[in-house]
>>> print(open('target.cif').read())   # mmCIF, C-alpha atoms
data_final
#
loop_
_atom_site.label_atom_id
_atom_site.label_comp_id
_atom_site.auth_asym_id
_atom_site.auth_seq_id
_atom_site.Cartn_x
_atom_site.Cartn_y
_atom_site.Cartn_z
CA MET A 1 128.83 73.57 95.27
CA LYS A 2 127.97 77.24 95.87
CA LEU A 3 131.09 79.35 96.01
CA PRO A 4 131.25 82.38 98.31
CA PHE A 5 131.67 85.85 96.88
CA THR A 6 132.81 88.93 98.73
CA SER A 7 132.95 92.68 98.21
CA LEU A 8 134.61 92.48 94.80
CA GLN A 9 131.74 90.38 93.44
CA LEU A 10 129.03 92.12 95.48
CA ASP A 11 128.22 94.63 92.77
CA LEU A 12 128.14 91.95 90.08
CA GLY A 13 125.97 89.06 91.15
CA PHE A 14 122.52 89.84 92.57
CA ILE A 15 119.03 89.35 91.21
CA LEU A 16 116.14 91.54 92.39
CA LEU A 17 112.84 89.70 92.47
CA GLY A 18 110.93 92.98 92.53
CA LEU A 19 107.40 93.54 93.78
CA SER A 20 105.84 90.48 92.15
CA SER A 21 106.96 87.36 90.30
CA ASN A 22 103.63 87.15 88.41
CA PRO A 23 104.42 87.77 84.69
CA GLN A 24 100.94 89.20 84.09
CA LEU A 25 101.56 91.99 86.62
CA GLN A 26 104.90 93.17 85.22
CA LYS A 27 103.56 95.53 82.53
CA PRO A 28 100.76 97.02 84.69
CA LEU A 29 103.27 97.61 87.50
CA PHE A 30 105.66 99.18 84.98
CA ALA A 31 102.97 101.61 83.80
CA ILE A 32 101.91 102.52 87.35
CA PHE A 33 105.42 103.16 88.65
CA LEU A 34 106.52 104.97 85.49
CA ILE A 35 103.63 107.42 85.94
CA MET A 36 104.42 107.80 89.65
CA TYR A 37 108.10 108.42 88.90
CA LEU A 38 107.34 111.05 86.24
CA VAL A 39 104.87 112.79 88.57
CA THR A 40 107.48 112.75 91.36
CA VAL A 41 110.24 114.25 89.22
CA MET A 42 108.07 116.87 87.52
CA GLY A 43 106.24 117.81 90.72
CA ASN A 44 109.41 118.29 92.74
CA LEU A 45 111.16 120.11 89.89
CA LEU A 46 108.15 122.44 89.73
CA ILE A 47 108.44 123.13 93.47
CA ILE A 48 112.13 124.04 93.03
CA LEU A 49 111.37 126.22 90.00
CA VAL A 50 108.51 128.06 91.74
CA ILE A 51 110.58 128.77 94.86
CA HIS A 52 113.58 130.04 92.91
CA SER A 53 111.46 132.19 90.57
CA ASP A 54 109.54 134.06 93.30
CA SER A 55 111.58 136.35 95.57
CA ARG A 56 108.84 136.25 98.23
CA LEU A 57 109.61 132.56 98.70
CA HIS A 58 113.31 133.17 99.36
CA THR A 59 112.91 132.37 103.05
CA PRO A 60 114.43 129.60 105.23
CA MET A 61 111.28 127.47 105.12
CA TYR A 62 111.16 127.39 101.33
CA PHE A 63 114.94 127.02 101.09
CA PHE A 64 114.64 123.79 103.08
CA LEU A 65 111.60 122.75 101.02
CA SER A 66 113.50 123.17 97.73
CA ASN A 67 116.33 121.05 99.12
CA LEU A 68 113.82 118.44 100.28
CA SER A 69 112.35 118.34 96.76
CA PHE A 70 115.83 117.89 95.27
CA THR A 71 116.56 115.06 97.72
CA ASP A 72 113.26 113.38 96.88
CA ILE A 73 114.15 113.43 93.17
CA CYS A 74 117.50 111.80 93.97
CA PHE A 75 115.79 109.37 96.36
CA THR A 76 113.40 107.96 93.76
CA THR A 77 115.95 108.11 90.91
CA VAL A 78 118.29 105.83 92.85
CA ILE A 79 115.57 103.13 92.98
CA VAL A 80 112.75 103.49 90.46
CA PRO A 81 114.55 103.50 87.05
CA LYS A 82 116.27 100.18 87.84
CA MET A 83 113.00 98.78 89.18
CA LEU A 84 111.25 99.78 85.93
CA ALA A 85 114.00 98.18 83.84
CA ASN A 86 113.73 94.94 85.82
CA LEU A 87 109.95 94.84 85.36
CA LEU A 88 110.55 94.49 81.60
CA SER A 89 113.63 92.26 81.91
CA GLU A 90 113.84 88.51 82.27
CA THR A 91 117.17 88.46 84.12
CA LYS A 92 116.34 91.15 86.74
CA ALA A 93 120.03 91.38 87.58
CA ILE A 94 121.64 94.41 89.22
CA SER A 95 125.31 95.25 88.70
CA PHE A 96 125.62 98.10 91.22
CA CYS A 97 124.02 96.77 94.39
CA LEU A 98 126.36 98.41 96.93
CA THR A 99 126.27 101.68 95.02
CA GLN A 100 122.48 101.70 95.04
CA MET A 101 122.40 100.91 98.76
CA TYR A 102 124.90 103.69 99.48
CA PHE A 103 122.91 106.42 97.73
CA PHE A 104 119.57 105.12 98.99
CA VAL A 105 120.70 105.34 102.63
CA THR A 106 122.26 108.76 101.99
CA CYS A 107 119.07 110.23 100.53
CA ALA A 108 116.83 108.65 103.18
CA ILE A 109 118.88 110.07 106.08
CA THR A 110 119.18 113.46 104.35
CA ASP A 111 115.38 113.56 104.08
CA SER A 112 115.19 112.89 107.81
CA PHE A 113 117.64 115.67 108.69
CA LEU A 114 115.94 118.18 106.38
CA LEU A 115 112.56 117.49 108.00
CA ALA A 116 114.21 118.22 111.36
CA ALA A 117 115.70 121.47 109.99
CA MET A 118 112.22 122.51 108.82
CA ALA A 119 110.85 121.84 112.33
CA ILE A 120 113.59 124.05 113.81
CA ASP A 121 112.63 126.78 111.35
CA ARG A 122 108.94 126.59 112.38
CA TYR A 123 109.93 126.61 116.08
CA MET A 124 112.03 129.75 115.66
CA ALA A 125 109.38 131.51 113.54
CA ILE A 126 106.55 130.84 116.03
CA CYS A 127 108.26 130.67 119.43
CA ASN A 128 111.11 133.16 118.93
CA PRO A 129 110.02 135.52 116.14
CA LEU A 130 112.23 138.40 117.36
CA HIS A 131 115.37 136.28 116.93
CA TYR A 132 114.18 134.46 113.81
CA THR A 133 116.00 136.53 111.19
CA MET A 134 119.31 136.38 113.03
CA THR A 135 119.07 132.71 114.01
CA MET A 136 117.86 131.42 110.65
CA SER A 137 120.27 133.45 108.54
CA PRO A 138 121.09 132.27 104.99
CA GLN A 139 124.54 131.16 106.15
CA ARG A 140 123.13 129.02 108.97
CA CYS A 141 120.45 127.53 106.75
CA LEU A 142 123.10 126.58 104.20
CA LEU A 143 125.20 125.10 107.02
CA LEU A 144 122.25 122.98 108.18
CA VAL A 145 121.74 121.61 104.66
CA MET A 146 125.44 120.91 104.17
CA ALA A 147 125.64 119.19 107.58
CA SER A 148 122.64 117.05 106.63
CA TRP A 149 124.35 115.80 103.47
CA VAL A 150 127.76 115.27 105.10
CA LEU A 151 126.37 113.30 108.07
CA SER A 152 124.18 111.23 105.73
CA HIS A 153 127.15 110.34 103.52
CA LEU A 154 129.24 109.36 106.56
CA HIS A 155 126.43 107.19 107.91
CA SER A 156 125.91 105.51 104.55
CA LEU A 157 129.65 105.04 104.02
CA THR A 158 129.92 103.21 107.36
CA HIS A 159 127.16 100.77 106.36
CA THR A 160 128.67 100.27 102.91
CA ILE A 161 132.17 99.53 104.20
CA LEU A 162 130.86 97.00 106.71
CA MET A 163 128.66 95.40 104.05
CA SER A 164 131.62 95.07 101.67
CA ARG A 165 133.49 93.01 104.28
CA LEU A 166 130.83 90.30 104.34
CA THR A 167 130.91 87.03 102.41
CA PHE A 168 127.88 85.98 100.35
CA CYS A 169 127.34 82.31 99.50
CA GLY A 170 124.33 82.14 97.21
CA PRO A 171 121.51 82.12 96.52
CA ASN A 172 122.08 85.60 95.19
CA VAL A 173 118.37 86.42 94.97
CA ILE A 174 117.12 89.50 96.84
CA HIS A 175 113.42 89.38 97.73
CA HIS A 176 113.04 93.10 97.23
CA PHE A 177 112.86 95.70 94.45
CA PHE A 178 116.16 97.38 95.39
CA CYS A 179 119.32 96.73 97.42
CA ASP A 180 118.39 97.61 100.98
CA VAL A 181 120.52 96.88 104.03
CA GLN A 182 118.38 94.19 105.68
CA PRO A 183 117.69 92.03 102.58
CA LEU A 184 121.45 91.97 101.85
CA LEU A 185 122.28 90.94 105.42
CA THR A 186 119.92 87.97 105.19
CA LEU A 187 121.95 86.63 102.22
CA SER A 188 125.33 86.76 103.95
CA CYS A 189 126.92 83.52 105.16
CA SER A 190 129.39 85.31 107.44
CA ASP A 191 128.85 86.89 110.86
CA THR A 192 126.57 89.93 110.47
CA SER A 193 126.27 90.78 114.17
CA VAL A 194 128.32 93.98 113.82
CA ASN A 195 126.24 95.13 110.85
CA GLU A 196 122.99 94.36 112.64
CA LEU A 197 124.16 96.08 115.82
CA LEU A 198 125.14 99.17 113.81
CA ALA A 199 121.86 99.15 111.88
CA PHE A 200 119.82 98.93 115.08
CA THR A 201 121.83 101.33 117.29
CA GLU A 202 123.49 103.94 115.11
CA GLY A 203 120.73 103.55 112.52
CA SER A 204 118.12 104.14 115.21
CA PHE A 205 120.07 107.18 116.36
CA VAL A 206 120.19 108.92 112.96
CA ILE A 207 116.49 108.22 112.38
CA MET A 208 115.16 108.84 115.89
CA SER A 209 117.28 111.90 116.79
CA PRO A 210 115.72 114.11 114.08
CA PHE A 211 112.31 112.62 114.90
CA ILE A 212 112.67 113.45 118.62
CA LEU A 213 113.88 116.95 117.70
CA ILE A 214 110.74 117.39 115.56
CA ILE A 215 108.49 116.18 118.40
CA VAL A 216 110.13 118.51 120.95
CA SER A 217 109.87 121.45 118.52
CA TYR A 218 106.15 120.85 118.03
CA VAL A 219 105.56 120.51 121.76
CA PHE A 220 106.89 124.06 122.19
CA ILE A 221 105.03 125.24 119.08
CA THR A 222 101.76 123.81 120.43
CA ARG A 223 102.30 125.56 123.76
CA ALA A 224 102.93 128.86 121.96
CA VAL A 225 99.89 128.42 119.71
CA LEU A 226 97.60 127.68 122.68
CA ARG A 227 98.58 131.04 124.20
CA VAL A 228 97.10 132.86 121.18
CA PRO A 229 93.77 134.27 122.45
CA SER A 230 91.55 133.84 119.39
CA GLY A 231 90.69 130.56 117.72
CA ARG A 232 91.21 132.08 114.29
CA GLY A 233 94.66 133.28 115.32
CA ARG A 234 95.60 129.83 116.60
CA TYR A 235 94.47 128.25 113.34
CA LYS A 236 96.42 130.77 111.27
CA VAL A 237 99.64 130.18 113.22
CA PHE A 238 99.37 126.39 113.29
CA SER A 239 98.27 126.10 109.64
CA THR A 240 101.83 126.99 108.58
CA CYS A 241 102.92 123.65 110.12
CA GLY A 242 100.18 121.43 108.70
CA SER A 243 101.99 120.35 105.52
CA HIS A 244 105.21 119.63 107.37
CA LEU A 245 103.42 117.57 110.03
CA THR A 246 101.68 115.51 107.34
CA VAL A 247 104.97 114.65 105.62
CA VAL A 248 106.67 113.88 108.97
CA ALA A 249 103.87 111.48 109.95
CA LEU A 250 104.02 109.65 106.60
CA PHE A 251 107.82 109.47 106.40
CA TYR A 252 108.63 108.46 109.98
CA GLY A 253 105.58 106.24 110.37
CA THR A 254 106.77 104.01 107.53
CA ALA A 255 110.55 104.30 108.09
CA ILE A 256 110.36 103.43 111.79
CA SER A 257 108.13 100.42 111.12
CA VAL A 258 110.78 99.00 108.75
CA TYR A 259 114.11 99.89 110.39
CA ILE A 260 113.65 100.41 114.13
CA ARG A 261 113.17 96.79 115.13
CA PRO A 262 115.17 93.55 115.55
CA SER A 263 116.21 91.80 112.33
CA SER A 264 114.44 88.62 113.48
CA THR A 265 111.08 90.32 112.80
CA TYR A 266 111.97 91.10 109.18
CA SER A 267 109.09 90.30 106.80
CA VAL A 268 109.67 90.29 103.04
CA THR A 269 106.09 90.97 101.92
CA LYS A 270 105.20 93.53 104.58
CA ASP A 271 108.45 95.45 104.22
CA ARG A 272 108.20 95.65 100.44
CA VAL A 273 104.76 97.25 100.69
CA VAL A 274 105.79 99.72 103.39
CA THR A 275 109.04 100.54 101.58
CA VAL A 276 107.10 101.45 98.41
CA ILE A 277 105.22 104.04 100.48
CA TYR A 278 108.25 105.96 101.71
CA THR A 279 110.48 105.50 98.65
CA VAL A 280 107.92 106.16 95.90
CA VAL A 281 104.54 107.34 97.22
CA ILE A 282 105.69 109.98 99.75
CA PRO A 283 108.15 111.74 97.36
CA MET A 284 105.30 111.84 94.81
CA LEU A 285 102.83 113.29 97.33
CA ASN A 286 105.17 115.92 98.81
CA PRO A 287 104.66 118.52 96.03
CA PHE A 288 100.86 118.18 96.36
CA ILE A 289 100.97 118.37 100.17
CA TYR A 290 103.14 121.49 100.20
CA SER A 291 101.41 123.29 97.32
CA LEU A 292 97.72 122.51 97.81
CA ARG A 293 97.77 123.54 101.49
CA ASN A 294 100.03 126.56 101.05
CA LYS A 295 98.65 129.92 99.86
CA ASP A 296 102.13 131.33 99.10
CA MET A 297 102.99 128.36 96.90
CA LYS A 298 99.66 128.49 95.06
CA ARG A 299 100.05 132.22 94.43
CA ALA A 300 103.62 131.76 93.17
CA LEU A 301 102.52 128.85 90.96
CA ARG A 302 99.74 130.95 89.38
CA LYS A 303 102.23 133.78 88.86
CA LEU A 304 104.70 131.43 87.15
CA THR A 305 101.93 129.98 84.95
CA ARG A 306 100.82 133.44 83.80
CA ARG A 307 104.42 134.36 83.06
CA LYS A 308 104.82 131.27 80.82
CA GLU A 309 101.65 132.21 78.92
#
>>> encode(input="target.cif", output="structure tokens")
Amino acid sequence: MKLPFTSLQLDLGFILLGLSSNPQLQKPLFAIFLIMYLVTVMGNLLIILVIHSDSRLHTPMYFFLSNLSFTDICFTTVIVPKMLANLLSETKAISFCLTQMYFFVTCAITDSFLLAAMAIDRYMAICNPLHYTMTMSPQRCLLLVMASWVLSHLHSLTHTILMSRLTFCGPNVIHHFFCDVQPLLTLSCSDTSVNELLAFTEGSFVIMSPFILIIVSYVFITRAVLRVPSGRGRYKVFSTCGSHLTVVALFYGTAISVYIRPSSTYSVTKDRVVTVIYTVVIPMLNPFIYSLRNKDMKRALRKLTRRKE
């Protein structure tokens, strides 16, 4: 007979199947994701170091970018080290499932809010340049970042409290590489309607509200750019948004495909692949996207390199 376990046992009794159950793939996957994790941490740390070492980058846009890099480091660190350990382990058990879920949701929502803050910054810089310095003051930028973290923690705390009230009646095997909300709900033997309603409504709100704000900001930015008489001028103005738009498309394209849909359409294989993209691949690519397409970042990086020599 399979005995139920509740919140007290929830952080003690789960097994993560990971990306693949094939023993021959465990070591290659370990090597690939270890390299990706190290590149993510070092790349984002480099972005933070470059921004803080160059006074010309002490602007709202780069302040938000440094916070985004810090969040991305936290984001991947919540998931990847345990995934790497499980790839080399036979038990694949996790003893802090709710804790991992809490910090994963927090970092994911913070990423979303910070991308929206960066869109606001670009809107003010392009559409209201005369009021930019006053509107995007250091105090208001700091307030936006703090609000992003506070709202994310409150959102995650709500999900975690509701999850802790559920009863789980084995099997305790999660068909995923970390403790996400939806895989945990599928294992519960109690009524999950409230959790699913919250995930679909309030979850949709915290993901879609920043996304809609970004879309509206870029509608106004596009209108302002199209008023610029010369083609070269339009390109110069809009090129400052290119990196941000790339990250927004990657992040929201994958996140929306996983979370903004009914739970009945949940697919283990498809969701694992898509989740790898926004939890591991995108944080790894962000430093390259923001540095390779940004002249200020490349100049500051060369300056920092010469200083180290």
>>> residues_around(input="target.cif", residues="A:Cys189", least_positions_apart="2", cutoff="8 Å", atoms="all atoms listed in the file", output="JSON, numbers by chain")
{"A": [166, 167, 168, 169, 187, 191]}
>>> closest_residue(input="target.cif", among="A:Met61, A:Leu198, A:Met284, A:Ile15", to="A:Met83", atoms="all atoms listed in the file")
A:Ile15
>>> closest_residue(input="target.cif", among="A:Phe178, A:Phe75, A:Phe104, A:Phe220", to="A:Met124", atoms="all atoms listed in the file")
A:Phe220
>>> resolve_selection(input="target.cif", expression="the PyMOL selection byres ((chain A and resi 153-159) around 6)", output="PyMOL selection string")
chain A and resi 102+105-106+150-152+160-162
>>> write_last_selection(input="target.cif", atoms="C-alpha atoms", output="compact mmCIF listing (two decimals), keeping the file's coordinate frame")
# COMPACT_ATOMS: atom_id res chain seq x y z
CA TYR A 102 124.90 103.69 99.48
CA VAL A 105 120.70 105.34 102.63
CA THR A 106 122.26 108.76 101.99
CA VAL A 150 127.76 115.27 105.10
CA LEU A 151 126.37 113.30 108.07
CA SER A 152 124.18 111.23 105.73
CA THR A 160 128.67 100.27 102.91
CA ILE A 161 132.17 99.53 104.20
CA LEU A 162 130.86 97.00 106.71
>>> residues_around(input="target.cif", residues="A:Leu184", least_positions_apart="4", cutoff="9 Å", atoms="only C-alpha atoms", output="mmCIF file with C-alpha atoms, keeping the file's coordinate frame")
data_model
loop_
_atom_site.group_PDB
_atom_site.id
_atom_site.type_symbol
_atom_site.label_atom_id
_atom_site.label_comp_id
_atom_site.auth_asym_id
_atom_site.auth_seq_id
_atom_site.Cartn_x
_atom_site.Cartn_y
_atom_site.Cartn_z
ATOM 1 C CA MET A 163 128.660 95.400 104.050
ATOM 2 C CA PHE A 168 127.880 85.980 100.350
ATOM 3 C CA ILE A 174 117.120 89.500 96.840
ATOM 4 C CA CYS A 179 119.320 96.730 97.420
ATOM 5 C CA ASP A 180 118.390 97.610 100.980
ATOM 6 C CA SER A 188 125.330 86.760 103.950
#
>>> atom_distance(input="target.cif", atom1="atom CA of A:Arg223", atom2="atom CA of A:Ile120")
15.1 Å
>>> closest_residue(input="target.cif", among="A:Ile109, A:Leu245, A:Met134, A:Ala119", to="A:Ser204", atoms="all atoms listed in the file")
A:Ile109
>>> resolve_selection(input="target.cif", expression="the PyMOL selection byres ((chain A and resi 126) around 9)", output="JSON list (two decimals) with C-alpha atoms, in the frame of the given file")
[["chain", "number", "residue", "atom", "x", "y", "z"],
["A", 121, "ASP", "CA", 112.63, 126.78, 111.35],
["A", 122, "ARG", "CA", 108.94, 126.59, 112.38],
["A", 123, "TYR", "CA", 109.93, 126.61, 116.08],
["A", 124, "MET", "CA", 112.03, 129.75, 115.66],
["A", 125, "ALA", "CA", 109.38, 131.51, 113.54],
["A", 127, "CYS", "CA", 108.26, 130.67, 119.43],
["A", 128, "ASN", "CA", 111.11, 133.16, 118.93],
["A", 129, "PRO", "CA", 110.02, 135.52, 116.14],
["A", 132, "TYR", "CA", 114.18, 134.46, 113.81],
["A", 221, "ILE", "CA", 105.03, 125.24, 119.08],
["A", 224, "ALA", "CA", 102.93, 128.86, 121.96],
["A", 225, "VAL", "CA", 99.89, 128.42, 119.71],
["A", 237, "VAL", "CA", 99.64, 130.18, 113.22],
["A", 238, "PHE", "CA", 99.37, 126.39, 113.29]]
>>> residues_around(input="target.cif", residues="A:Leu142", least_positions_apart="6", cutoff="10 Å", atoms="all atoms listed in the file", output="JSON, numbers by chain")
{"A": [60, 63, 64, 136, 148]}
>>> write_last_selection(input="target.cif", atoms="C-alpha atoms", output="compact mmCIF listing (two decimals), in the frame of the given file")
# COMPACT_ATOMS: atom_id res chain seq x y z
CA PRO A 60 114.43 129.60 105.23
CA PHE A 63 114.94 127.02 101.09
CA PHE A 64 114.64 123.79 103.08
CA MET A 136 117.86 131.42 110.65
CA SER A 148 122.64 117.05 106.63
>>> residues_around(input="target.cif", residues="A:Ala116", least_positions_apart="5", cutoff="9 Å", atoms="only C-alpha atoms", output="PyMOL selection string")
chain A and resi 111+121+209-214+217
>>> resolve_selection(input="target.cif", expression="the PyMOL selection byres ((chain A and resi 239) around 12)", output="list of chain:residue names")
A:Arg122, A:Ile126, A:Ile221, A:Thr222, A:Val225, A:Gly231, A:Arg232, A:Gly233, A:Arg234, A:Tyr235, A:Lys236, A:Val237, A:Phe238, A:Thr240, A:Cys241, A:Gly242, A:Ser243, A:His244, A:Leu245, A:Thr246, A:Tyr290, A:Arg293, A:Asn294, A:Lys295
>>> closest_residue(input="target.cif", among="A:Gln26, A:Thr91, A:Ser291, A:Ser137", to="A:Thr59", atoms="all atoms listed in the file")
A:Ser137
>>> residues_near_point(input="target.cif", point="(110.7, 105.7, 107.1)", cutoff="6 Å", atoms="only C-alpha atoms", output="mmCIF file with C-alpha atoms, in the frame of the given file")
data_model
loop_
_atom_site.group_PDB
_atom_site.id
_atom_site.type_symbol
_atom_site.label_atom_id
_atom_site.label_comp_id
_atom_site.auth_asym_id
_atom_site.auth_seq_id
_atom_site.Cartn_x
_atom_site.Cartn_y
_atom_site.Cartn_z
ATOM 1 C CA PHE A 251 107.820 109.470 106.400
ATOM 2 C CA TYR A 252 108.630 108.460 109.980
ATOM 3 C CA THR A 254 106.770 104.010 107.530
ATOM 4 C CA ALA A 255 110.550 104.300 108.090
ATOM 5 C CA ILE A 256 110.360 103.430 111.790
ATOM 6 C CA TYR A 278 108.250 105.960 101.710
#
>>> atom_distance(input="target.cif", atom1="atom CA of A:Gly18", atom2="atom CA of A:Val194")
27.5 Å
>>> closest_residue(input="target.cif", among="A:Leu46, A:Val248, A:Leu17, A:Leu197", to="A:Leu301", atoms="only C-alpha atoms")
A:Leu46
>>> closest_residue(input="target.cif", among="A:Phe288, A:Tyr259, A:Phe200, A:Phe177", to="A:Ser21", atoms="all atoms listed in the file")
A:Phe177
